[in-house]
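Next comes target.csv, with CSV, C-alpha atoms.
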chain,number,residue,atom,x,y,z
A,22,MET,CA,-60.6,-67.5,0.5
A,23,ASN,CA,-63.7,-69.2,1.8
A,24,ARG,CA,-64.8,-65.9,3.6
A,25,SER,CA,-65.3,-64.3,0.2
A,26,ASN,CA,-69.0,-64.3,0.5
A,27,GLY,CA,-69.2,-63.8,4.3
A,28,PRO,CA,-71.2,-61.0,5.9
A,29,GLU,CA,-68.2,-58.6,5.8
A,30,GLY,CA,-67.4,-59.1,2.1
A,31,ILE,CA,-64.1,-57.9,0.6
A,32,SER,CA,-62.4,-54.8,-0.5
A,33,LEU,CA,-60.7,-54.3,-3.9
A,34,TYR,CA,-57.9,-51.9,-4.6
A,35,ILE,CA,-56.9,-51.4,-8.3
A,36,HIS,CA,-53.6,-49.7,-9.0
A,37,LEU,CA,-53.6,-47.7,-12.2
A,38,PRO,CA,-50.0,-46.5,-12.6
A,39,PHE,CA,-50.0,-44.2,-15.7
A,40,CYS,CA,-49.5,-40.5,-15.6
A,41,GLU,CA,-49.0,-38.1,-18.5
A,42,SER,CA,-46.4,-36.0,-16.6
A,43,LEU,CA,-44.0,-36.5,-13.7
A,44,CYS,CA,-44.7,-34.8,-10.4
A,45,ILE,CA,-41.3,-35.0,-8.8
A,46,TYR,CA,-42.5,-35.0,-5.2
A,47,CYS,CA,-44.5,-38.2,-5.7
A,48,GLY,CA,-43.4,-41.5,-4.2
A,49,CYS,CA,-46.1,-43.6,-5.8
A,50,ASN,CA,-45.4,-46.4,-8.2
A,51,LYS,CA,-46.1,-44.8,-11.6
A,52,LYS,CA,-45.3,-45.0,-15.3
A,53,ILE,CA,-45.0,-41.7,-17.2
A,54,THR,CA,-46.4,-41.8,-20.8
A,55,THR,CA,-48.6,-39.8,-23.1
A,56,ASN,CA,-49.3,-43.0,-25.1
A,57,HIS,CA,-52.9,-44.0,-24.2
A,58,LYS,CA,-52.6,-47.2,-26.1
A,59,VAL,CA,-51.1,-48.7,-22.9
A,60,GLU,CA,-54.6,-48.6,-21.4
A,61,GLU,CA,-55.8,-51.7,-23.3
A,62,GLU,CA,-53.1,-54.1,-22.3
A,63,TYR,CA,-53.2,-53.0,-18.7
A,64,LEU,CA,-57.0,-53.3,-18.5
A,65,GLN,CA,-56.9,-56.8,-19.9
A,66,THR,CA,-54.2,-57.9,-17.5
A,67,ILE,CA,-56.0,-56.6,-14.5
A,68,LEU,CA,-59.2,-58.5,-15.5
A,69,GLN,CA,-57.1,-61.6,-16.1
A,70,GLU,CA,-55.5,-61.3,-12.6
A,71,TRP,CA,-58.9,-60.8,-11.1
A,72,GLY,CA,-60.1,-64.0,-12.8
A,73,MET,CA,-57.3,-66.0,-11.1
A,74,TYR,CA,-58.5,-64.7,-7.7
A,75,LEU,CA,-62.1,-65.6,-8.5
A,76,LYS,CA,-61.1,-69.2,-9.2
A,77,MET,CA,-59.8,-69.4,-5.6
A,78,MET,CA,-63.1,-68.3,-4.1
A,79,ASP,CA,-65.9,-70.8,-3.3
A,80,SER,CA,-68.6,-68.3,-4.2
A,81,PRO,CA,-69.0,-64.9,-5.8
A,82,PRO,CA,-67.4,-62.3,-3.7
A,83,VAL,CA,-69.4,-59.5,-2.0
A,84,ILE,CA,-67.7,-56.3,-2.9
A,85,ARG,CA,-68.0,-53.8,0.0
A,86,GLU,CA,-65.3,-51.4,-1.1
A,87,LEU,CA,-63.6,-50.6,-4.4
A,88,HIS,CA,-60.9,-48.0,-4.8
A,89,LEU,CA,-59.1,-46.9,-8.0
A,90,GLY,CA,-55.7,-45.4,-7.1
A,91,GLY,CA,-52.6,-44.4,-9.0
A,92,GLY,CA,-50.8,-43.0,-10.8
A,93,THR,CA,-53.6,-41.1,-12.3
A,94,PRO,CA,-56.8,-43.3,-12.6
A,95,THR,CA,-58.4,-40.6,-14.8
A,96,PHE,CA,-55.6,-41.1,-17.3
A,97,PHE,CA,-57.8,-43.9,-18.5
A,98,SER,CA,-60.7,-43.0,-20.8
A,99,PRO,CA,-64.2,-43.1,-19.5
A,100,ASP,CA,-65.0,-46.1,-21.7
A,101,ASN,CA,-62.0,-48.0,-20.4
A,102,LEU,CA,-62.9,-47.3,-16.8
A,103,ASN,CA,-66.4,-48.5,-17.5
A,104,ARG,CA,-65.0,-51.7,-19.1
A,105,LEU,CA,-62.6,-52.2,-16.2
A,106,VAL,CA,-65.1,-51.8,-13.3
A,107,SER,CA,-67.9,-53.6,-15.2
A,108,GLY,CA,-65.5,-56.5,-15.8
A,109,LEU,CA,-64.6,-56.6,-12.1
A,110,LEU,CA,-68.2,-56.6,-10.9
A,111,GLU,CA,-69.5,-59.0,-13.6
A,112,LYS,CA,-69.0,-62.1,-11.4
A,113,ALA,CA,-69.3,-60.4,-8.0
A,114,ILE,CA,-72.1,-59.2,-5.8
A,115,VAL,CA,-72.1,-55.5,-4.9
A,116,GLY,CA,-72.8,-55.0,-1.2
A,117,PRO,CA,-75.8,-52.9,-0.3
A,118,ASP,CA,-73.7,-50.5,1.7
A,119,HIS,CA,-70.7,-50.5,-0.6
A,120,SER,CA,-68.2,-47.6,-0.9
A,121,PHE,CA,-66.6,-47.0,-4.3
A,122,SER,CA,-64.0,-44.2,-4.7
A,123,ILE,CA,-61.4,-42.9,-7.1
A,124,GLU,CA,-58.4,-40.6,-7.2
A,125,GLY,CA,-58.8,-37.9,-9.8
A,126,HIS,CA,-56.5,-35.2,-11.3
A,127,PRO,CA,-58.3,-31.8,-11.6
A,128,ASN,CA,-56.7,-31.3,-15.0
A,129,ASN,CA,-58.0,-34.4,-16.7
A,130,THR,CA,-61.1,-35.5,-14.8
A,131,THR,CA,-64.0,-34.8,-17.3
A,132,ARG,CA,-67.7,-34.7,-16.8
A,133,GLU,CA,-67.9,-37.9,-18.9
A,134,HIS,CA,-65.5,-39.6,-16.4
A,135,LEU,CA,-67.8,-38.6,-13.6
A,136,ASP,CA,-71.0,-39.6,-15.3
A,137,VAL,CA,-69.6,-43.1,-16.1
A,138,LEU,CA,-68.2,-43.5,-12.6
A,139,TYR,CA,-71.5,-42.4,-10.9
A,140,GLY,CA,-73.4,-44.9,-13.0
A,141,LEU,CA,-71.0,-47.7,-11.8
A,142,GLY,CA,-71.8,-46.8,-8.1
A,143,PHE,CA,-69.0,-44.4,-7.3
A,144,ARG,CA,-69.9,-41.7,-4.8
A,145,ARG,CA,-66.4,-40.6,-3.5
A,146,ILE,CA,-63.6,-38.8,-5.3
A,147,SER,CA,-60.3,-37.4,-4.1
A,148,TYR,CA,-58.5,-34.7,-6.0
A,149,GLY,CA,-54.8,-34.2,-5.7
A,150,VAL,CA,-54.3,-30.5,-5.1
A,151,GLN,CA,-51.0,-30.4,-3.1
A,152,ASP,CA,-50.5,-26.6,-3.3
A,153,LEU,CA,-52.0,-23.8,-5.4
A,154,ASP,CA,-49.0,-21.5,-5.2
A,155,PRO,CA,-47.6,-21.2,-8.8
A,156,GLU,CA,-44.0,-21.1,-7.5
A,157,VAL,CA,-44.5,-24.3,-5.5
A,158,GLN,CA,-46.2,-26.0,-8.4
A,159,ARG,CA,-43.3,-25.2,-10.7
A,160,ALA,CA,-40.9,-26.5,-8.1
A,161,ILE,CA,-42.7,-29.9,-7.9
A,162,HIS,CA,-43.6,-30.0,-11.7
A,163,ARG,CA,-47.4,-30.1,-11.0
A,164,LEU,CA,-49.1,-27.3,-12.7
A,165,GLN,CA,-52.9,-27.0,-12.2
A,166,SER,CA,-55.2,-24.0,-11.8
A,167,PHE,CA,-57.8,-23.3,-9.2
A,168,GLU,CA,-60.3,-23.0,-12.0
A,169,ASN,CA,-59.7,-26.6,-13.0
A,170,LEU,CA,-60.1,-27.7,-9.4
A,171,ARG,CA,-63.4,-25.7,-9.1
A,172,ARG,CA,-64.7,-27.2,-12.4
A,173,ALA,CA,-63.8,-30.7,-11.4
A,174,THR,CA,-65.4,-30.3,-7.9
A,175,GLU,CA,-68.6,-28.7,-9.2
A,176,ASP,CA,-68.9,-31.4,-11.9
A,177,ALA,CA,-68.6,-34.1,-9.3
A,178,ARG,CA,-71.3,-32.6,-7.1
A,179,SER,CA,-73.6,-31.9,-10.0
A,180,VAL,CA,-73.3,-35.5,-11.1
A,181,GLY,CA,-74.2,-36.8,-7.7
A,182,PHE,CA,-71.0,-37.5,-5.8
A,183,THR,CA,-71.6,-37.2,-2.1
A,184,SER,CA,-68.0,-36.9,-0.9
A,185,VAL,CA,-65.2,-34.8,-2.3
A,186,ASN,CA,-61.7,-34.9,-0.8
A,187,PHE,CA,-58.7,-32.7,-1.5
A,188,ASP,CA,-55.2,-33.8,-0.9
A,189,LEU,CA,-52.9,-31.1,0.4
A,190,ILE,CA,-49.2,-31.4,1.3
A,191,TYR,CA,-47.1,-29.4,3.7
A,192,GLY,CA,-43.3,-29.3,3.6
A,193,LEU,CA,-42.9,-28.8,-0.2
A,194,PRO,CA,-40.1,-26.8,-1.7
A,195,LEU,CA,-40.5,-23.0,-1.6
A,196,GLN,CA,-43.7,-23.4,0.5
A,197,THR,CA,-44.4,-20.5,2.9
A,198,ILE,CA,-46.8,-20.3,5.7
A,199,GLY,CA,-48.7,-17.4,4.0
A,200,GLY,CA,-48.8,-19.3,0.7
A,201,LEU,CA,-50.1,-22.5,2.3
A,202,ALA,CA,-52.7,-20.5,4.2
A,203,ARG,CA,-53.9,-19.0,0.9
A,204,THR,CA,-54.1,-22.5,-0.7
A,205,ILE,CA,-56.2,-23.9,2.2
A,206,ARG,CA,-58.5,-20.9,2.2
A,207,GLU,CA,-59.1,-21.1,-1.6
A,208,CYS,CA,-59.8,-24.8,-1.2
A,209,LEU,CA,-62.3,-24.1,1.6
A,210,THR,CA,-64.4,-21.9,-0.7
A,211,LEU,CA,-65.3,-25.2,-2.5
A,212,ASP,CA,-66.5,-26.8,0.7
A,213,PRO,CA,-64.6,-30.1,0.5
A,214,ASP,CA,-66.1,-32.8,2.7
A,215,ARG,CA,-62.6,-34.0,3.7
A,216,ILE,CA,-59.1,-32.8,3.5
A,217,ALA,CA,-56.0,-35.0,3.7
A,218,PHE,CA,-53.2,-32.8,4.9
A,219,TYR,CA,-50.1,-34.9,4.3
A,220,SER,CA,-46.5,-34.3,5.3
A,221,TYR,CA,-44.0,-34.3,2.3
A,222,GLY,CA,-41.5,-37.2,2.8
A,223,HIS,CA,-38.2,-36.4,1.1
A,224,THR,CA,-36.6,-39.8,0.3
A,225,PRO,CA,-34.5,-39.3,-2.8
A,226,TRP,CA,-32.7,-42.6,-2.1
A,227,LEU,CA,-36.0,-44.4,-2.7
A,228,ASN,CA,-37.6,-42.1,-5.2
A,229,CYS,CA,-35.3,-41.0,-8.0
A,230,ALA,CA,-37.5,-38.2,-9.2
A,231,GLN,CA,-37.1,-36.4,-5.8
A,232,ARG,CA,-33.4,-35.9,-6.7
A,233,LEU,CA,-34.6,-33.1,-9.0
A,234,ILE,CA,-35.7,-31.1,-6.0
A,235,ASP,CA,-33.3,-28.5,-4.6
A,236,GLU,CA,-33.0,-29.5,-1.0
A,237,ASN,CA,-32.1,-25.9,-0.1
A,238,SER,CA,-35.6,-25.0,-1.0
A,239,LEU,CA,-37.2,-27.4,1.5
A,240,PRO,CA,-38.4,-26.0,4.9
A,241,ASP,CA,-36.4,-27.0,7.9
A,242,ALA,CA,-38.0,-29.0,10.7
A,243,GLU,CA,-39.1,-26.0,12.7
A,244,ARG,CA,-40.7,-24.3,9.6
A,245,LYS,CA,-42.3,-27.6,8.6
A,246,ILE,CA,-44.0,-27.9,12.0
A,247,ALA,CA,-45.1,-24.3,11.7
A,248,LEU,CA,-46.7,-25.1,8.3
A,249,TYR,CA,-48.6,-27.9,9.8
A,250,VAL,CA,-49.8,-25.9,12.9
A,251,ARG,CA,-51.0,-23.1,10.7
A,252,GLY,CA,-52.8,-25.4,8.3
A,253,LYS,CA,-54.5,-27.3,11.2
A,254,GLU,CA,-55.5,-24.0,12.8
A,255,ILE,CA,-57.3,-22.9,9.6
A,256,LEU,CA,-59.0,-26.2,9.1
A,257,THR,CA,-60.1,-26.5,12.7
A,258,ARG,CA,-61.6,-23.0,12.7
A,259,ALA,CA,-63.5,-23.9,9.5
A,260,GLY,CA,-65.2,-26.8,11.3
A,261,TYR,CA,-63.0,-29.7,10.3
A,262,ALA,CA,-62.0,-32.3,12.9
A,263,ASN,CA,-58.7,-34.2,12.9
A,264,ILE,CA,-60.0,-37.7,12.8
A,265,GLY,CA,-56.7,-39.5,12.4
A,266,MET,CA,-53.4,-39.6,10.5
A,267,ASP,CA,-53.4,-36.5,8.3
A,268,HIS,CA,-57.2,-36.6,7.8
A,269,PHE,CA,-59.7,-33.8,8.5
A,270,ALA,CA,-63.4,-34.1,8.0
A,271,LEU,CA,-66.6,-32.1,8.4
A,272,PRO,CA,-69.2,-33.4,10.8
A,273,LYS,CA,-71.5,-34.2,7.8
A,274,ASP,CA,-69.0,-36.6,6.4
A,275,GLU,CA,-69.4,-40.4,6.9
A,276,LEU,CA,-65.7,-40.7,8.1
A,277,TYR,CA,-66.4,-38.2,10.8
A,278,LYS,CA,-69.5,-40.1,11.9
A,279,ALA,CA,-67.6,-43.4,12.0
A,280,TRP,CA,-64.8,-41.7,14.0
A,281,LYS,CA,-67.3,-40.4,16.5
A,282,ASP,CA,-69.1,-43.7,17.0
A,283,GLY,CA,-65.9,-45.8,17.1
A,284,THR,CA,-66.4,-47.7,13.9
A,285,LEU,CA,-63.7,-46.1,11.8
A,286,HIS,CA,-61.4,-48.6,10.1
A,287,ARG,CA,-58.0,-48.3,8.3
A,288,ASN,CA,-56.4,-50.4,5.6
A,289,PHE,CA,-53.9,-50.0,2.8
A,290,MET,CA,-56.3,-47.7,1.0
A,291,GLY,CA,-56.5,-45.3,4.0
A,292,TYR,CA,-59.4,-44.6,6.4
A,293,THR,CA,-62.7,-46.2,5.6
A,294,THR,CA,-66.1,-47.0,7.0
A,295,GLN,CA,-65.9,-50.5,5.7
A,296,THR,CA,-64.6,-53.3,8.0
A,297,SER,CA,-64.0,-56.2,5.5
A,298,GLU,CA,-61.2,-58.5,6.6
A,299,ILE,CA,-59.9,-59.3,3.1
A,300,LEU,CA,-58.4,-56.7,0.8
A,301,VAL,CA,-57.4,-57.9,-2.7
A,302,GLY,CA,-55.0,-55.6,-4.5
A,303,LEU,CA,-54.8,-55.8,-8.3
A,304,GLY,CA,-52.2,-54.3,-10.6
A,305,VAL,CA,-48.5,-53.5,-10.4
A,306,SER,CA,-47.1,-53.1,-6.9
A,307,SER,CA,-50.6,-53.6,-5.2
A,308,ILE,CA,-50.8,-55.1,-1.7
A,309,SER,CA,-53.3,-57.7,-0.6
A,310,ASP,CA,-54.3,-58.4,3.0
A,311,ALA,CA,-55.9,-61.6,4.1
A,312,GLY,CA,-55.9,-60.7,7.8
A,313,THR,CA,-53.2,-63.2,8.7
A,314,ALA,CA,-51.0,-62.6,5.7
A,315,LEU,CA,-49.8,-59.8,3.5
A,316,VAL,CA,-48.5,-60.0,-0.1
A,317,GLN,CA,-47.3,-57.5,-2.7
A,318,ASN,CA,-47.3,-57.7,-6.5
A,319,ASP,CA,-44.3,-57.2,-8.7
A,320,LYS,CA,-43.3,-53.5,-8.6
A,321,THR,CA,-42.2,-53.5,-12.3
A,322,LEU,CA,-44.7,-53.2,-15.1
A,323,GLY,CA,-42.8,-55.8,-17.2
A,324,GLY,CA,-42.6,-58.3,-14.4
A,325,TYR,CA,-46.3,-57.8,-13.6
A,326,TYR,CA,-47.3,-58.4,-17.2
A,327,ARG,CA,-45.1,-61.5,-17.6
A,328,SER,CA,-46.5,-63.2,-14.5
A,329,VAL,CA,-50.2,-62.6,-15.1
A,330,GLN,CA,-50.1,-63.1,-18.8
A,331,SER,CA,-48.5,-66.5,-18.3
A,332,GLY,CA,-51.3,-67.5,-15.9
A,333,GLU,CA,-49.5,-66.9,-12.6
A,334,LEU,CA,-50.2,-64.4,-9.8
A,335,ALA,CA,-47.7,-61.5,-9.8
A,336,VAL,CA,-47.0,-61.8,-6.1
A,337,ARG,CA,-43.3,-61.2,-5.3
A,338,LYS,CA,-43.1,-61.1,-1.5
A,339,GLY,CA,-45.3,-61.8,1.4
A,340,TYR,CA,-45.5,-62.2,5.2
A,341,PHE,CA,-47.5,-64.4,7.5
A,342,LEU,CA,-48.7,-62.7,10.7
A,343,ASN,CA,-48.2,-64.7,13.9
A,344,GLU,CA,-50.3,-64.3,17.0
A,345,GLU,CA,-48.0,-61.5,18.3
A,346,ASP,CA,-48.2,-59.6,15.0
A,347,GLN,CA,-52.0,-59.8,15.0
A,348,VAL,CA,-52.3,-58.6,18.6
A,349,PHE,CA,-50.0,-55.6,18.0
A,350,ARG,CA,-51.6,-54.8,14.7
A,351,ARG,CA,-54.9,-54.5,16.6
A,352,HIS,CA,-53.3,-52.1,19.0
A,353,ILE,CA,-52.0,-50.0,16.1
A,354,LEU,CA,-55.4,-49.9,14.4
A,355,ASP,CA,-57.2,-49.0,17.6
A,356,ILE,CA,-54.8,-46.1,18.2
A,357,ALA,CA,-55.0,-44.9,14.5
A,358,CYS,CA,-58.8,-45.1,14.3
A,359,LYS,CA,-60.1,-44.5,17.9
A,360,GLY,CA,-57.2,-42.8,19.6
A,361,TYR,CA,-57.0,-45.4,22.3
A,362,THR,CA,-56.3,-49.1,22.9
A,363,ASN,CA,-56.8,-51.5,25.8
A,364,LEU,CA,-53.7,-53.2,26.9
A,365,GLY,CA,-54.8,-56.8,27.7
A,366,PRO,CA,-52.8,-59.7,29.1
A,367,ILE,CA,-51.9,-61.2,25.7
A,368,CYS,CA,-48.3,-60.5,24.8
A,369,SER,CA,-47.9,-58.7,28.1
A,370,SER,CA,-44.2,-59.5,28.3
A,371,GLN,CA,-43.6,-57.8,24.9
A,372,LEU,CA,-45.7,-54.8,26.0
A,373,LEU,CA,-43.6,-54.4,29.2
A,374,GLU,CA,-40.3,-54.8,27.4
A,375,TRP,CA,-40.8,-52.9,24.2
A,376,THR,CA,-43.9,-50.7,24.2
A,377,LEU,CA,-44.5,-49.4,27.7
A,378,PRO,CA,-41.1,-47.6,28.0
A,379,ARG,CA,-41.9,-45.7,24.8
A,380,LEU,CA,-45.4,-44.9,25.9
A,381,ARG,CA,-44.1,-43.5,29.2
A,382,GLU,CA,-41.8,-41.2,27.3
A,383,LEU,CA,-44.8,-40.1,25.2
A,384,GLU,CA,-46.8,-39.6,28.4
A,385,ARG,CA,-44.0,-37.3,29.8
A,386,ASP,CA,-44.3,-35.3,26.6
A,387,GLY,CA,-48.1,-34.9,27.2
A,388,LEU,CA,-49.0,-36.9,24.1
A,389,VAL,CA,-50.8,-39.9,25.7
A,390,ARG,CA,-52.4,-40.8,29.0
A,391,LEU,CA,-51.7,-44.2,30.6
A,392,ASP,CA,-54.0,-46.0,33.1
A,393,ALA,CA,-54.5,-49.5,34.3
A,394,GLY,CA,-56.7,-50.3,31.3
A,395,GLY,CA,-54.8,-48.9,28.4
A,396,VAL,CA,-53.5,-45.8,26.6
A,397,LYS,CA,-55.3,-42.8,25.1
A,398,LEU,CA,-54.1,-40.0,22.9
A,399,THR,CA,-54.4,-36.5,24.4
A,400,GLU,CA,-55.5,-33.5,22.3
A,401,ALA,CA,-51.8,-32.6,21.9
A,402,GLY,CA,-51.1,-36.1,20.8
A,403,TRP,CA,-53.3,-36.4,17.7
A,404,PRO,CA,-50.8,-34.7,15.4
A,405,PHE,CA,-48.2,-37.2,16.6
A,406,LEU,CA,-50.4,-40.3,16.1
A,407,ARG,CA,-47.8,-42.0,13.9
A,408,TYR,CA,-45.2,-41.8,16.7
A,409,VAL,CA,-47.6,-43.3,19.2
A,410,CYS,CA,-48.3,-46.2,16.7
A,411,LYS,CA,-44.6,-46.8,16.4
A,412,ALA,CA,-44.5,-47.7,20.1
A,413,PHE,CA,-46.5,-50.8,19.1
A,414,ASP,CA,-44.3,-51.7,16.1
A,415,LEU,CA,-42.2,-54.5,17.6
A,416,HIS,CA,-40.4,-55.2,14.3
A,417,LEU,CA,-39.2,-51.6,14.1
A,418,LEU,CA,-38.3,-51.4,17.8
A,419,ARG,CA,-36.3,-54.6,17.7
A,420,ALA,CA,-34.5,-53.6,14.5
A,421,ALA,CA,-33.5,-50.3,16.1
A,422,GLU,CA,-32.3,-52.1,19.2
A,423,ALA,CA,-30.2,-54.4,17.0
A,424,VAL,CA,-28.5,-51.5,15.3
A,425,ILE,CA,-27.6,-49.9,18.6
Same coordinates, now as structure tokens:
Amino acid sequence: MNRSNGPEGISLYIHLPFCESLCIYCGCNKKITTNHKVEEEYLQTILQEWGMYLKMMDSPPVIRELHLGGGTPTFFSPDNLNRLVSGLLEKAIVGPDHSFSIEGHPNNTTREHLDVLYGLGFRRISYGVQDLDPEVQRAIHRLQSFENLRRATEDARSVGFTSVNFDLIYGLPLQTIGGLARTIRECLTLDPDRIAFYSYGHTPWLNCAQRLIDENSLPDAERKIALYVRGKEILTRAGYANIGMDHFALPKDELYKAWKDGTLHRNFMGYTTQTSEILVGLGVSSISDAGTALVQNDKTLGGYYRSVQSGELAVRKGYFLNEEDQVFRRHILDIACKGYTNLGPICSSQLLEWTLPRLRELERDGLVRLDAGGVKLTEAGWPFLRYVCKAFDLHLLRAAEAVI
């Protein structure tokens, strides 16, 4: 951890898993409770875990990026969020160009939350909207009004937040093209700086709550594509640019500017303007990234508590990246953030055997262009960015070959 005080600094991700109600579409690691007494123990355990990481560093870390994710981070009271973030920063240095962000629920994000967060240096907030159609909301057990979204958005801007993002999802049960179009148009009246337009992933074998969804109410593949196309059409006409996986941003937004000048970066927190090599994840199920290794914390709350409270890191699994992994990871990041990557001589045999055959298939479909130097996404290829990235995932390709 001797790079902790280097020029690039580090990123911090804090997973706050508690929610008051169950949204049955959600695949995040969460704990449903209305008992807010759970805040105290979790807060203390996070700070204890951070203390263990600080002991590994040879100097106070420079925090370039901090993100509070969930769960529902605004489940925590403003006072407890203040205690948490203040405790994290107490023995650290806040970078001059830092980026602090939080995920908020329109129903429970208060003006007091926003005042406290702004005072701590937060300038970005993302609200989970998903869909504003009442029938869809009932089908996914996420009831929230447009009025709550407007209040939360206006409060954030009046406090001083400079970037407001809305999360929308296509492919939800009972969703129609007309209903989704109305949701997007209503959201656009609030002028969000960014919109994350996610595809719903129905994986009931992994997420038990999704078993409550009537699969007959889900759109088929053709309808789901039509939902995306309609949504993208409305966003594009409104001036939003598709800057990468699922993300649309206005030209005034810093992510758009980073995308245009080629400095956009992506980590486990999503797209960012920060390029720190080290990401420390705190909390249950959080992932940390040291550049050459990845580790994940215990996914169970009880296991996480037992480890940290006994003085041990809650890491349960990890992976060291070899040279091949690091080269292909760079290709994936370049495609995801810039839309192109240069195919150099390193690992050329693996590129020839595994990647180029897939890229040629994508080129025949009009999704990429290949030349002597590398591969570039076409305009038609941006919506299929994930599929292009998969051409560089050697672990996935080899596993699929082994099954065949």
* To do: Name the closest residue to Leu227 of chain A among the candidates A:Cys47, A:Val106, A:Leu417, A:Asn101; distances are taken between atoms, counting only C-alpha atoms.
  =>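 When distances to Leu227 of chain A are compared using only C-alpha atoms, the smallest one comes from A:Cys47.
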* Contacts of Ile308 of chain A at 7 Å or less, counting only C-alpha atoms, minus same-chain residues fewer than 4 places along, as a list of chain:residue names? -> A:Gly302, A:Val316, A:Gln317, A:Asn318
* To do: Compile the contact shell of Gly252 of chain A as a PyMOL selection string: residues with an atom at most 9 Å away, counting all atoms listed in the file, same-chain residues fewer than 3 positions apart removed.
  => chain A and resi 191+198+201-202+205+218+247-249+255-257
Could you turn the residues from that selection into a file that holds C-alpha atoms, as a CSV table (one decimal), keeping the file's coordinate frame?
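File produced: again.csv:
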chain,number,residue,atom,x,y,z
A,191,TYR,CA,-47.1,-29.4,3.7
A,198,ILE,CA,-46.8,-20.3,5.7
A,201,LEU,CA,-50.1,-22.5,2.3
A,202,ALA,CA,-52.7,-20.5,4.2
A,205,ILE,CA,-56.2,-23.9,2.2
A,218,PHE,CA,-53.2,-32.8,4.9
A,247,ALA,CA,-45.1,-24.3,11.7
A,248,LEU,CA,-46.7,-25.1,8.3
A,249,TYR,CA,-48.6,-27.9,9.8
A,255,ILE,CA,-57.3,-22.9,9.6
A,256,LEU,CA,-59.0,-26.2,9.1
A,257,THR,CA,-60.1,-26.5,12.7
* To do: Between A:Gly323, A:Gly142, A:Gly192, A:Pro99, single out the one closest to Ile246 of chain A, counting all atoms listed in the file.
  =>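 So, comparing all the options, the nearest one is A:Gly192.
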* Mind listing as a ChimeraX atom specification all residues within 10 Å of (-57.2, -36.5, 9.2), counting all atoms listed in the file? -> /A:215-219,253,261-270,276-277,292,403-404
* To do: Considering only C-alpha atoms, state which residue in the set A:Leu239, A:Met73, A:Ile45, A:Val180 is at the smallest distance from Arg145 of chain A.
  =>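 The answer is A:Val180, which sits nearest to Arg145 of chain A.
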* Sphere at (-61.2, -32.7, -15.8), radius 9 Å, counting only C-alpha atoms: residues as a PyMOL selection string -> chain A and resi 95+125-132+134+169-170+172-173+176
* To do: Provide the atom CA of Lys51 of chain A to atom CA of Ser107 of chain A distance in Å, to one decimal place.
  =>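 We find that atom CA of Lys51 of chain A and atom CA of Ser107 of chain A lie 23.8 Å from each other.
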* Suppose you want the space between atom CA of Leu364 of chain A and atom CA of Leu315 of chain A; what is it in Å? ->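 Separating atom CA of Leu364 of chain A from atom CA of Leu315 of chain A is a distance of 24.6 Å.
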* Quick one: of A:Glu111, A:Asp241, A:Asp100, A:Glu175, who's nearest to Glu61 of chain A, counting only C-alpha atoms? ->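 Of all the options, A:Asp100 lies closest to Glu61 of chain A.
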* **Selection near Asp386 of chain A, 12 Å with all atoms listed in the file, sequence-local residues under 6 positions removed, as a ChimeraX atom specification** => /A:379-380,398-399,401-402,405,408-409
* Asked: Can you tell me, as number ranges by chain, what residues are no more than 9 Å from Thr284 of chain A when counting all atoms listed in the file, ignoring any on the same chain fewer than 3 positions away?
  -> A: 278-281, 294-296, 358-359
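Nearest residue to Val115 of chain A, choosing from A:Lys52, A:Glu62, A:Leu33, A:Leu383 and counting all atoms listed in the file: A:Leu33.
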* Asked: So, counting all atoms listed in the file, which residue among A:Leu418, A:Leu164, A:Leu109, A:Val250 is closest to His88 of chain A?
  -> A:Leu109
* Asked: Could you pull the residues within 10 Å of Pro225 of chain A, counting all atoms listed in the file, minus those fewer than 5 positions along the same chain, as a PyMOL selection string?
  -> chain A and resi 46+48+230-234
